[in-house]
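K.L.:
I have a structure I would like to understand better, so I am pasting it below and will then ask my questions one at a time.
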Amino acid sequence: MEILVIIGIVILLLLGIIGCFIPVIPGPPISYGGLLVFHFFSSHSIEENTLWFMAFVVIAVTVFDLWVQIYGVKKFGGTKKAVNGSIIGLIIGIFFLPPFGIIIGPFLGAFIGARMEENSDVNKAIKIALGALAGFLAGTMLKLSVSLYIIYLVFQTIPSLW
């Protein structure tokens, strides 16, 4: 039975990594769910302080990720159209240009959204698109770091693997 739990944990951890790149899948919360399943449903355990600390980190990173993407666009002069374009571009890019669509999509989406503004020129739209890309990359790297650390915590606790 424990092997099925471990398989489920591995699936949650991998889904958490995928969720770091795909915005509709909350990567770190899913990875944290894998950590909780590991703690409560396997013969291994994580220290309670670590579980609470990681819960705080996951919540903070999730909120920060939402904020940093919008901040990246707005810091460079973008409006709601550029923010929405960035999100739409990411979703379209994931499906039509994998794996490069993850980077190209938000850039092009923010660029098109910025160009839809009444007083927009090409240089300003490029600047806004670069802000969207910077925000997306910063959030992705932070989420990926947290999810990879959760994986490290799980595998560090299983001594028979090392």
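Residue numbers start at 1 in each chain; chains themselves are named A, B, ... in the order of the structure tokens; ligands are numbered from 1 in the order shown.
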Fewer than 4 positions away in the same chain doesn't count, so skip those; otherwise give me all residues within 9 Å of Ser45 in chain A, counting only C-alpha atoms, as a count of residues only.

P.N.:
6

K.L.:
Excluding same-chain residues fewer than 4 positions from Leu133 in chain A, what lies within 9 Å of it counting only C-alpha atoms, as a VMD selection string?

P.N.:
chain A and resid 69 72 to 73 86 103 to 104 106 to 107 110 128 to 129 137 to 138

K.L.:
Give the answer as one residue: which of A:Ile30, A:Met54, A:Ile112, A:Ile151 has the shortest atom-to-atom distance to Ile18 in chain A, using only C-alpha atoms?

P.N.:
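Of A:Ile30, A:Met54, A:Ile112, A:Ile151, the one nearest Ile18 in chain A, counting only C-alpha atoms, is A:Ile30.
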
K.L.:
Considering only C-alpha atoms, state which residue in the set A:Val146, A:Asn119, A:Phe136, A:Lys75 is at the smallest distance from Gly105 in chain A.

P.N.:
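Checking each candidate against Gly105 in chain A, we get A:Phe136 as the closest.
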
K.L.:
Might you pull out every residue within 10 Å of range 5-12 of chain A, with only C-alpha atoms counted and same-chain residues fewer than 2 positions away left off, and present them as a list of chain:residue names?

P.N.:
A:Met1, A:Glu2, A:Ile3, A:Leu14, A:Leu15, A:Gly16, A:Ile17, A:Ile18, A:Gly27, A:Pro29, A:Ile30, A:Ser31, A:Tyr32, A:Gly33, A:Gly34, A:Leu35, A:Leu36, A:Val37, A:Phe38, A:Phe41, A:Ser42, A:Ile151, A:Val154

K.L.:
Pick from A:Thr50, A:Val58, A:Asp121, A:Phe76: nearest to Gly135 in chain A, with only C-alpha atoms counted?

P.N.:
A:Phe76

K.L.:
Do you have the CA of Leu144 in chain A-CA of Phe95 in chain A distance handy?

P.N.:
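So the answer is 20.4 Å.
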
K.L.:
Select from range 16-76 of chain A everything DSSP, run on the backbone, classes as helix (DSSP H, G or I), then give the selection as a ChimeraX atom specification.

P.N.:
/A:16-19,27-41,48-75

K.L.:
Hey, can you spit out that residue selection with N, CA and C atoms as a tab-separated table (two decimals), in the first residue's frame?

P.N.:
```tsv
chain	number	residue	atom	x	y	z
A	16	GLY	N	3.49	19.56	-9.46
A	16	GLY	CA	3.91	20.83	-8.87
A	16	GLY	C	4.98	21.51	-9.70
A	17	ILE	N	5.93	20.74	-10.23
A	17	ILE	CA	6.97	21.30	-11.10
A	17	ILE	C	6.34	21.84	-12.39
A	18	ILE	N	5.44	21.07	-12.98
A	18	ILE	CA	4.77	21.51	-14.20
A	18	ILE	C	3.97	22.79	-13.92
A	19	GLY	N	3.35	22.84	-12.75
A	19	GLY	CA	2.55	24.01	-12.37
A	19	GLY	C	3.36	25.28	-12.18
A	27	GLY	N	1.57	25.40	-8.86
A	27	GLY	CA	2.71	24.52	-8.64
A	27	GLY	C	3.12	24.32	-7.18
A	28	PRO	N	3.56	25.36	-6.47
A	28	PRO	CA	3.99	25.16	-5.09
A	28	PRO	C	2.90	24.60	-4.16
A	29	PRO	N	1.63	25.04	-4.26
A	29	PRO	CA	0.62	24.40	-3.40
A	29	PRO	C	0.45	22.91	-3.68
A	30	ILE	N	0.56	22.50	-4.93
A	30	ILE	CA	0.45	21.08	-5.25
A	30	ILE	C	1.67	20.33	-4.71
A	31	SER	N	2.85	20.92	-4.85
A	31	SER	CA	4.05	20.30	-4.27
A	31	SER	C	3.91	20.18	-2.76
A	32	TYR	N	3.38	21.22	-2.13
A	32	TYR	CA	3.18	21.18	-0.68
A	32	TYR	C	2.17	20.09	-0.31
A	33	GLY	N	1.15	19.93	-1.14
A	33	GLY	CA	0.20	18.83	-0.92
A	33	GLY	C	0.91	17.49	-0.95
A	34	GLY	N	1.85	17.33	-1.88
A	34	GLY	CA	2.65	16.10	-1.92
A	34	GLY	C	3.46	15.91	-0.64
A	35	LEU	N	3.99	17.01	-0.11
A	35	LEU	CA	4.74	16.96	1.15
A	35	LEU	C	3.83	16.54	2.30
A	36	LEU	N	2.62	17.07	2.34
A	36	LEU	CA	1.67	16.70	3.39
A	36	LEU	C	1.26	15.23	3.27
A	37	VAL	N	1.00	14.76	2.06
A	37	VAL	CA	0.66	13.34	1.86
A	37	VAL	C	1.83	12.48	2.32
A	38	PHE	N	3.04	12.88	1.98
A	38	PHE	CA	4.23	12.15	2.40
A	38	PHE	C	4.30	12.08	3.93
A	39	HIS	N	4.03	13.19	4.58
A	39	HIS	CA	4.12	13.25	6.05
A	39	HIS	C	3.04	12.41	6.72
A	40	PHE	N	1.80	12.54	6.26
A	40	PHE	CA	0.69	11.92	6.95
A	40	PHE	C	0.35	10.50	6.50
A	41	PHE	N	0.73	10.12	5.29
A	41	PHE	CA	0.28	8.83	4.78
A	41	PHE	C	1.41	7.86	4.45
A	48	GLU	N	7.40	19.07	12.27
A	48	GLU	CA	6.22	19.94	12.24
A	48	GLU	C	6.60	21.39	11.96
A	49	ASN	N	7.71	21.86	12.51
A	49	ASN	CA	8.15	23.23	12.24
A	49	ASN	C	8.43	23.44	10.76
A	50	THR	N	8.99	22.43	10.12
A	50	THR	CA	9.27	22.52	8.68
A	50	THR	C	7.97	22.60	7.89
A	51	LEU	N	6.98	21.81	8.29
A	51	LEU	CA	5.69	21.85	7.60
A	51	LEU	C	5.04	23.23	7.72
A	52	TRP	N	5.08	23.82	8.90
A	52	TRP	CA	4.50	25.16	9.08
A	52	TRP	C	5.28	26.20	8.30
A	53	PHE	N	6.60	26.11	8.34
A	53	PHE	CA	7.43	27.07	7.61
A	53	PHE	C	7.17	26.98	6.11
A	54	MET	N	7.10	25.75	5.60
A	54	MET	CA	6.85	25.59	4.16
A	54	MET	C	5.45	26.06	3.78
A	55	ALA	N	4.48	25.89	4.67
A	55	ALA	CA	3.13	26.41	4.39
A	55	ALA	C	3.18	27.92	4.23
A	56	PHE	N	3.90	28.58	5.12
A	56	PHE	CA	4.06	30.04	5.03
A	56	PHE	C	4.76	30.43	3.73
A	57	VAL	N	5.84	29.72	3.40
A	57	VAL	CA	6.60	30.03	2.18
A	57	VAL	C	5.74	29.83	0.94
A	58	VAL	N	4.98	28.75	0.89
A	58	VAL	CA	4.12	28.47	-0.28
A	58	VAL	C	3.06	29.56	-0.44
A	59	ILE	N	2.44	29.96	0.65
A	59	ILE	CA	1.43	31.03	0.57
A	59	ILE	C	2.08	32.33	0.11
A	60	ALA	N	3.22	32.67	0.69
A	60	ALA	CA	3.91	33.91	0.32
A	60	ALA	C	4.33	33.91	-1.14
A	61	VAL	N	4.87	32.80	-1.61
A	61	VAL	CA	5.33	32.71	-3.00
A	61	VAL	C	4.15	32.78	-3.96
A	62	THR	N	3.05	32.16	-3.61
A	62	THR	CA	1.86	32.19	-4.47
A	62	THR	C	1.33	33.61	-4.61
A	63	VAL	N	1.23	34.32	-3.50
A	63	VAL	CA	0.77	35.71	-3.54
A	63	VAL	C	1.78	36.58	-4.30
A	64	PHE	N	3.06	36.38	-4.01
A	64	PHE	CA	4.10	37.17	-4.68
A	64	PHE	C	4.09	36.94	-6.18
A	65	ASP	N	3.87	35.70	-6.60
A	65	ASP	CA	3.85	35.39	-8.03
A	65	ASP	C	2.74	36.14	-8.74
A	66	LEU	N	1.58	36.19	-8.15
A	66	LEU	CA	0.48	36.94	-8.76
A	66	LEU	C	0.82	38.43	-8.83
A	67	TRP	N	1.40	38.93	-7.79
A	67	TRP	CA	1.73	40.36	-7.72
A	67	TRP	C	2.86	40.73	-8.68
A	68	VAL	N	3.92	39.92	-8.76
A	68	VAL	CA	5.10	40.30	-9.54
A	68	VAL	C	4.80	40.36	-11.04
A	69	GLN	N	3.92	39.52	-11.52
A	69	GLN	CA	3.60	39.56	-12.95
A	69	GLN	C	2.86	40.84	-13.30
A	70	ILE	N	1.91	41.22	-12.48
A	70	ILE	CA	1.18	42.46	-12.73
A	70	ILE	C	2.11	43.65	-12.53
A	71	TYR	N	2.95	43.60	-11.51
A	71	TYR	CA	3.89	44.68	-11.23
A	71	TYR	C	4.86	44.86	-12.40
A	72	GLY	N	5.34	43.76	-12.97
A	72	GLY	CA	6.27	43.85	-14.09
A	72	GLY	C	5.69	44.61	-15.27
A	73	VAL	N	4.43	44.36	-15.55
A	73	VAL	CA	3.77	45.05	-16.67
A	73	VAL	C	3.53	46.52	-16.31
A	74	LYS	N	2.99	46.75	-15.13
A	74	LYS	CA	2.64	48.13	-14.74
A	74	LYS	C	3.87	48.98	-14.51
A	75	LYS	N	4.95	48.41	-14.02
A	75	LYS	CA	6.18	49.16	-13.78
A	75	LYS	C	6.73	49.75	-15.08
```

K.L.:
For each of A:Ala82, A:Ile92, A:Ile46, A:Ile87, take the minimum atom-to-atom distance to Lys124 in chain A, counting only C-alpha atoms, then give the residue where this is smallest.

P.N.:
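Checking each of A:Ala82, A:Ile92, A:Ile46, A:Ile87 against Lys124 in chain A, counting only C-alpha atoms, the winner is A:Ala82.
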
K.L.:
Nearest residue to Gly77 in chain A out of A:Pro98, A:Ser43, A:Glu117, A:Leu90, using only C-alpha atoms?

P.N.:
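Smallest separation from Gly77 in chain A among the options: A:Glu117.
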
K.L.:
Go through A:Asn123, A:Glu118, A:Ala132, A:Glu47 and flag the residue nearest Asn84 in chain A, using only C-alpha atoms for the distances.

P.N.:
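Under the stated criterion, the closest residue is A:Ala132.
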
K.L.:
So how many Å separate CA of Leu142 in chain A and CA of Val24 in chain A, to one decimal?

P.N.:
16.4 Å
